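Undergrad: One structure, pasted below without further comment.
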Amino acid sequence: MKRMDQARIDAVLNYIKSKESPSKGDPRVKQIVNRLLEDLFNAMADLDITSEEMWIACDYLQQLGKNGEWGLVFAGLGIEHFIDVKMDWEDEVSGIEFGTPRTIEGPLYVAGAPESKSYAELETIPEPNAERLYMSGFVLDETGTPIEGAKVEVWHCNLKGLYSYFDSSQPEFNLRRAIITDIDGRYEFKSFLPTGYSCPPGSCTETLMSLLGRHSSRPAHIHFFVKAPGFRKLTTQINIEGDPLIFEDFAFATREGLIPPVQRIPAYKASEYGKEEAFAKIEFNFNLVREQEHLPDGENNRTRVSIS
């Protein structure tokens with residue numbers, strides 16, 4: 001079919017814009033919405049998107065919101081990854097030297113996790129049949145100087161691929177803690193090697209990924225926020241070495257420098273490390289960048305779940 005003529009598309013766009021009051025509303029919202037409408041209407045003409053397809057999309061978006069899946073779709077479509085890439089570009093343009101790479105936060109953070117000094121045990125209840133993990137390292141500045149009093153927030157899923165709060169069967173803040181670094185900038189936590197997970201079968205996200213010919217699974221990973229007074233907050237996560245989906249993450253979160261080696265310590269050597277059982281060991285340092293005036297803060301300002 002012949003493409004709808006541009007003059008008619010532009011006439012509709014201009015008619016819609018003509019209903020705006022110049023003295024009312026938010027100029028930035030107007031700018032963004034009008035641009036998105038322009039791109040959408042032209043895509044409808046270019047691709048001959050039918051009215052039935054548009055109403056299917058409307059129904060899909062309504063269900064997506066009811067399910068609370070927007071965060072998953074942002075991740076799965078690469079939108080959250082692109083936000084990171086754009087912030088990386090802003091840093092480069094501003095002359096900011098990278099510390100530890102940032103990567104996506106995802107939709108499953110919960111504020112208010114219990115704090116402890118230097119060391120934390122993430123499990124509120126023991127995870128059965130899990131491989132024990134001790135992860136440790138230092139929070140450092142650009143010169144490698146330790147940062148005392150930095151806060152390392154850490155969270156990950158259980159072996160069913162579920163996160164506390166969003167999974168009501170888990171205790172509050174299970175596998176969620178905040179660790180304050182000691183005078184040497186050191187942190188350590190005890191947990192277990194998490195598993196990867198997939199979006200719920202039949203969910204809006206899984207349905208969309210299937211229609212795109214893609215899977216909807218993530219490799220095993222552990223999330224972190226790291227912050228300290230005078231430094232830019234770091235949002236990142238590590239992948240668990242050896243996971244087959246590391247470079248096939250549906251959320252595009254894998255980044256170079258965020259796959260630390262996993263060392264397996266057998267039980268007979270555990271005492272050499274001050275432990276009493278066989279365990280997996282990960283060492284990973286976080287390098288923060290100092291805040292600077294008139295530069296982007298590098299932080300995602302978004303609505304998050306909070307338990308006070």
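To be explicit about the labels: the chains of the structure tokens are called A, B, and onward in the order shown, and within each one the residues are counted from 1, while ligands get numbers from 1 in the order they are shown.
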Please extract the residues of region 96-285 of chain A with a backbone DSSP assignment of strand (DSSP E or B) and present them as an MDAnalysis selection string.
TA: chainID A and resid 110:111 115:117 119:121 132:140 146 151:155 164 167 176:180 186:192 197:198 217:218 221:227 231 234:239 263:265 279:283
Undergrad: With a distance cut-off of 8 Å and only C-alpha atoms, select the neighbouring residues of region 71-88 of chain A, excluding the residue or stretch itself and same-chain residues fewer than 6 positions from it, and output the selection as a PDB file with C-alpha atoms, in the first residue's frame.
TA:
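Wrote result_25.pdb, looks like this:
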ATOM      1  CA  ARG A 102      28.255   0.878  35.943  1.00  0.00           C
ATOM      2  CA  THR A 103      25.496  -1.429  34.814  1.00  0.00           C
ATOM      3  CA  ILE A 104      21.749  -1.709  35.235  1.00  0.00           C
ATOM      4  CA  GLY A 106      16.996  -3.612  37.549  1.00  0.00           C
ATOM      5  CA  PRO A 107      13.547  -3.282  39.154  1.00  0.00           C
ATOM      6  CA  THR A 205       7.734  -9.547  29.354  1.00  0.00           C
ATOM      7  CA  MET A 209      10.612 -11.529  24.238  1.00  0.00           C
ATOM      8  CA  SER A 216      13.825 -13.802  28.819  1.00  0.00           C
ATOM      9  CA  PHE A 250      18.273 -10.679  28.153  1.00  0.00           C
ATOM     10  CA  ALA A 251      18.769  -7.434  30.118  1.00  0.00           C
ATOM     11  CA  PHE A 252      22.118  -6.578  28.437  1.00  0.00           C
ATOM     12  CA  ALA A 253      23.759  -6.035  31.846  1.00  0.00           C
ATOM     13  CA  GLY A 298      25.758   9.666  37.031  1.00  0.00           C
TER      14      GLY A 298
END
Undergrad: Identify which of the residues A:Ala45, A:Arg304, A:Cys204, A:Val226 lies closest to Tyr60 (chain A), counting only C-alpha atoms when measuring atom-to-atom distances.
TA: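 So, comparing all the options, the nearest one is A:Cys204.
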Undergrad: Could you find all residues in region 174-279 of chain A that DSSP calls helix (DSSP H, G or I) from the backbone, and write them as a PDB file with N, CA and C atoms, in the first residue's frame?
TA:
ATOM      1  N   CYS A 204       3.856 -10.638  30.583  1.00  0.00           N
ATOM      2  CA  CYS A 204       3.940  -9.716  29.448  1.00  0.00           C
ATOM      3  C   CYS A 204       5.360  -9.651  28.897  1.00  0.00           C
ATOM      4  N   THR A 205       6.340  -9.640  29.792  1.00  0.00           N
ATOM      5  CA  THR A 205       7.734  -9.547  29.354  1.00  0.00           C
ATOM      6  C   THR A 205       8.136 -10.787  28.583  1.00  0.00           C
ATOM      7  N   GLU A 206       7.811 -11.967  29.127  1.00  0.00           N
ATOM      8  CA  GLU A 206       8.170 -13.217  28.445  1.00  0.00           C
ATOM      9  C   GLU A 206       7.470 -13.301  27.097  1.00  0.00           C
ATOM     10  N   THR A 207       6.224 -12.865  27.030  1.00  0.00           N
ATOM     11  CA  THR A 207       5.480 -12.892  25.765  1.00  0.00           C
ATOM     12  C   THR A 207       6.148 -12.007  24.728  1.00  0.00           C
ATOM     13  N   LEU A 208       6.537 -10.793  25.135  1.00  0.00           N
ATOM     14  CA  LEU A 208       7.185  -9.877  24.200  1.00  0.00           C
ATOM     15  C   LEU A 208       8.524 -10.424  23.727  1.00  0.00           C
ATOM     16  N   MET A 209       9.321 -10.975  24.640  1.00  0.00           N
ATOM     17  CA  MET A 209      10.612 -11.529  24.238  1.00  0.00           C
ATOM     18  C   MET A 209      10.423 -12.679  23.249  1.00  0.00           C
ATOM     19  N   SER A 210       9.424 -13.517  23.476  1.00  0.00           N
ATOM     20  CA  SER A 210       9.146 -14.620  22.547  1.00  0.00           C
ATOM     21  C   SER A 210       8.763 -14.103  21.169  1.00  0.00           C
ATOM     22  N   LEU A 211       7.952 -13.053  21.133  1.00  0.00           N
ATOM     23  CA  LEU A 211       7.556 -12.478  19.841  1.00  0.00           C
ATOM     24  C   LEU A 211       8.742 -11.855  19.116  1.00  0.00           C
ATOM     25  N   ILE A 246      26.094 -15.671  30.585  1.00  0.00           N
ATOM     26  CA  ILE A 246      26.780 -14.414  30.894  1.00  0.00           C
ATOM     27  C   ILE A 246      26.727 -13.448  29.718  1.00  0.00           C
ATOM     28  N   PHE A 247      26.999 -13.945  28.524  1.00  0.00           N
ATOM     29  CA  PHE A 247      27.023 -13.057  27.356  1.00  0.00           C
ATOM     30  C   PHE A 247      25.719 -13.142  26.544  1.00  0.00           C
ATOM     31  N   GLU A 248      24.686 -13.696  27.189  1.00  0.00           N
ATOM     32  CA  GLU A 248      23.364 -13.795  26.558  1.00  0.00           C
ATOM     33  C   GLU A 248      22.289 -13.259  27.492  1.00  0.00           C
ATOM     34  N   ALA A 267      37.214 -27.953  51.759  1.00  0.00           N
ATOM     35  CA  ALA A 267      37.035 -27.921  53.212  1.00  0.00           C
ATOM     36  C   ALA A 267      38.371 -28.036  53.950  1.00  0.00           C
ATOM     37  N   TYR A 268      39.301 -28.845  53.426  1.00  0.00           N
ATOM     38  CA  TYR A 268      40.542 -29.054  54.154  1.00  0.00           C
ATOM     39  C   TYR A 268      41.445 -27.817  54.131  1.00  0.00           C
ATOM     40  N   LYS A 269      41.153 -26.860  53.266  1.00  0.00           N
ATOM     41  CA  LYS A 269      41.934 -25.622  53.236  1.00  0.00           C
ATOM     42  C   LYS A 269      41.183 -24.436  53.840  1.00  0.00           C
ATOM     43  N   ALA A 270      39.946 -24.650  54.243  1.00  0.00           N
ATOM     44  CA  ALA A 270      39.103 -23.547  54.713  1.00  0.00           C
ATOM     45  C   ALA A 270      39.716 -22.812  55.892  1.00  0.00           C
ATOM     46  N   SER A 271      40.371 -23.567  56.800  1.00  0.00           N
ATOM     47  CA  SER A 271      40.936 -22.942  57.989  1.00  0.00           C
ATOM     48  C   SER A 271      42.026 -21.930  57.645  1.00  0.00           C
ATOM     49  N   GLU A 272      42.672 -22.091  56.506  1.00  0.00           N
ATOM     50  CA  GLU A 272      43.699 -21.132  56.080  1.00  0.00           C
ATOM     51  C   GLU A 272      43.102 -19.752  55.828  1.00  0.00           C
ATOM     52  N   TYR A 273      41.806 -19.714  55.582  1.00  0.00           N
ATOM     53  CA  TYR A 273      41.105 -18.461  55.323  1.00  0.00           C
ATOM     54  C   TYR A 273      40.221 -18.044  56.495  1.00  0.00           C
TER      55      TYR A 273
END
Undergrad: Which is closest to Ser164 (chain A) among A:Leu133, A:Ile32, A:Ile125, A:Leu64, if we use only C-alpha atoms?
TA: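 Checking each candidate against Ser164 (chain A), we get A:Ile125 as the closest.
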Undergrad: Nearest residue to Leu162 (chain A) out of A:Phe138, A:Tyr197, A:Ala111, A:Asn129, using only C-alpha atoms?
TA: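 The shortest atom-to-atom distance to Leu162 (chain A) comes from A:Tyr197.
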Undergrad: Report as a list of chain:residue names all protein, DNA and RNA residues lying within 7 Å of Ser191 (chain A), evaluated on only C-alpha atoms, omitting residues in the same chain fewer than 5 positions from it.
TA: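 The residues that qualify are A:Glu121, A:Leu122, A:Glu123, A:Arg132, A:Leu133, A:Tyr134.
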Undergrad: Give me, as a PyMOL selection string, all polymer residues having an atom no more than 10 Å from region 167-179 of chain A, counting only C-alpha atoms and skipping those fewer than 6 positions away in the same chain.
TA: chain A and resi 109-127+149-158+161+186-192+223-226+307
Undergrad: So that I can see what lies close to Val262 (chain A), please list as a PyMOL selection string the residues with an atom at most 8 Å from it, counting only C-alpha atoms and leaving out residues fewer than 2 positions away in the same chain.
TA: chain A and resi 240-241+260+264+280-282
Undergrad: For N, CA and C atoms, I'd like the residues from the last selection saved as a PDB file, in the first residue's frame.
TA:
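Done, and the output landed in part36.pdb:
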ATOM      1  N   ILE A 240      28.331 -14.146  37.846  1.00  0.00           N
ATOM      2  CA  ILE A 240      29.021 -15.297  38.416  1.00  0.00           C
ATOM      3  C   ILE A 240      29.716 -16.055  37.286  1.00  0.00           C
ATOM      4  N   GLU A 241      31.019 -16.111  37.371  1.00  0.00           N
ATOM      5  CA  GLU A 241      31.836 -16.737  36.341  1.00  0.00           C
ATOM      6  C   GLU A 241      31.356 -18.162  36.036  1.00  0.00           C
ATOM      7  N   PRO A 260      34.262 -11.271  37.868  1.00  0.00           N
ATOM      8  CA  PRO A 260      35.441 -11.668  38.647  1.00  0.00           C
ATOM      9  C   PRO A 260      35.590 -13.184  38.705  1.00  0.00           C
ATOM     10  N   ARG A 264      37.347 -21.790  44.195  1.00  0.00           N
ATOM     11  CA  ARG A 264      36.741 -22.786  45.075  1.00  0.00           C
ATOM     12  C   ARG A 264      37.758 -23.246  46.109  1.00  0.00           C
ATOM     13  N   ALA A 280      33.055 -20.925  48.021  1.00  0.00           N
ATOM     14  CA  ALA A 280      33.503 -20.186  46.840  1.00  0.00           C
ATOM     15  C   ALA A 280      33.951 -18.802  47.291  1.00  0.00           C
ATOM     16  N   LYS A 281      35.010 -18.317  46.691  1.00  0.00           N
ATOM     17  CA  LYS A 281      35.600 -17.051  47.115  1.00  0.00           C
ATOM     18  C   LYS A 281      35.670 -16.093  45.924  1.00  0.00           C
ATOM     19  N   ILE A 282      35.146 -14.892  46.107  1.00  0.00           N
ATOM     20  CA  ILE A 282      35.245 -13.836  45.100  1.00  0.00           C
ATOM     21  C   ILE A 282      35.876 -12.616  45.749  1.00  0.00           C
TER      22      ILE A 282
END
Undergrad: Pick from A:Met135, A:Thr303, A:Met4, A:Leu245: nearest to Leu47 (chain A), with only C-alpha atoms counted?
TA: A:Met4
Undergrad: Rounded to one decimal, what separation in Å do you get between CA of Leu159 (chain A) and CA of Pro194 (chain A)?
TA: 5.9 Å
Undergrad: Provide the CA of Phe98 (chain A) to CA of Asp141 (chain A) distance in Å, to one decimal place.
TA: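 Result for CA of Phe98 (chain A) versus CA of Asp141 (chain A): 10.8 Å, one decimal.
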Undergrad: Determine the nearest neighbour of Thr236 (chain A) from the options A:Asn301, A:Asn285, A:Ser136, A:Thr100, counting only C-alpha atoms.
TA: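 Of the candidates, the smallest distance to Thr236 (chain A) is held by A:Thr100.
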Undergrad: Using only C-alpha atoms, which residue out of A:Tyr165, A:Glu148, A:Ile96, A:Met1 lies closest to Ser306 (chain A)?
TA: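 Looking at the shortest contact to Ser306 (chain A), the residue is A:Tyr165.
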Undergrad: Quick one: residues within 6 Å of Ile238 (chain A), only C-alpha atoms counted, chain neighbours fewer than 2 positions away excluded, as a PyMOL selection string?
TA: chain A and resi 221-222+258-259
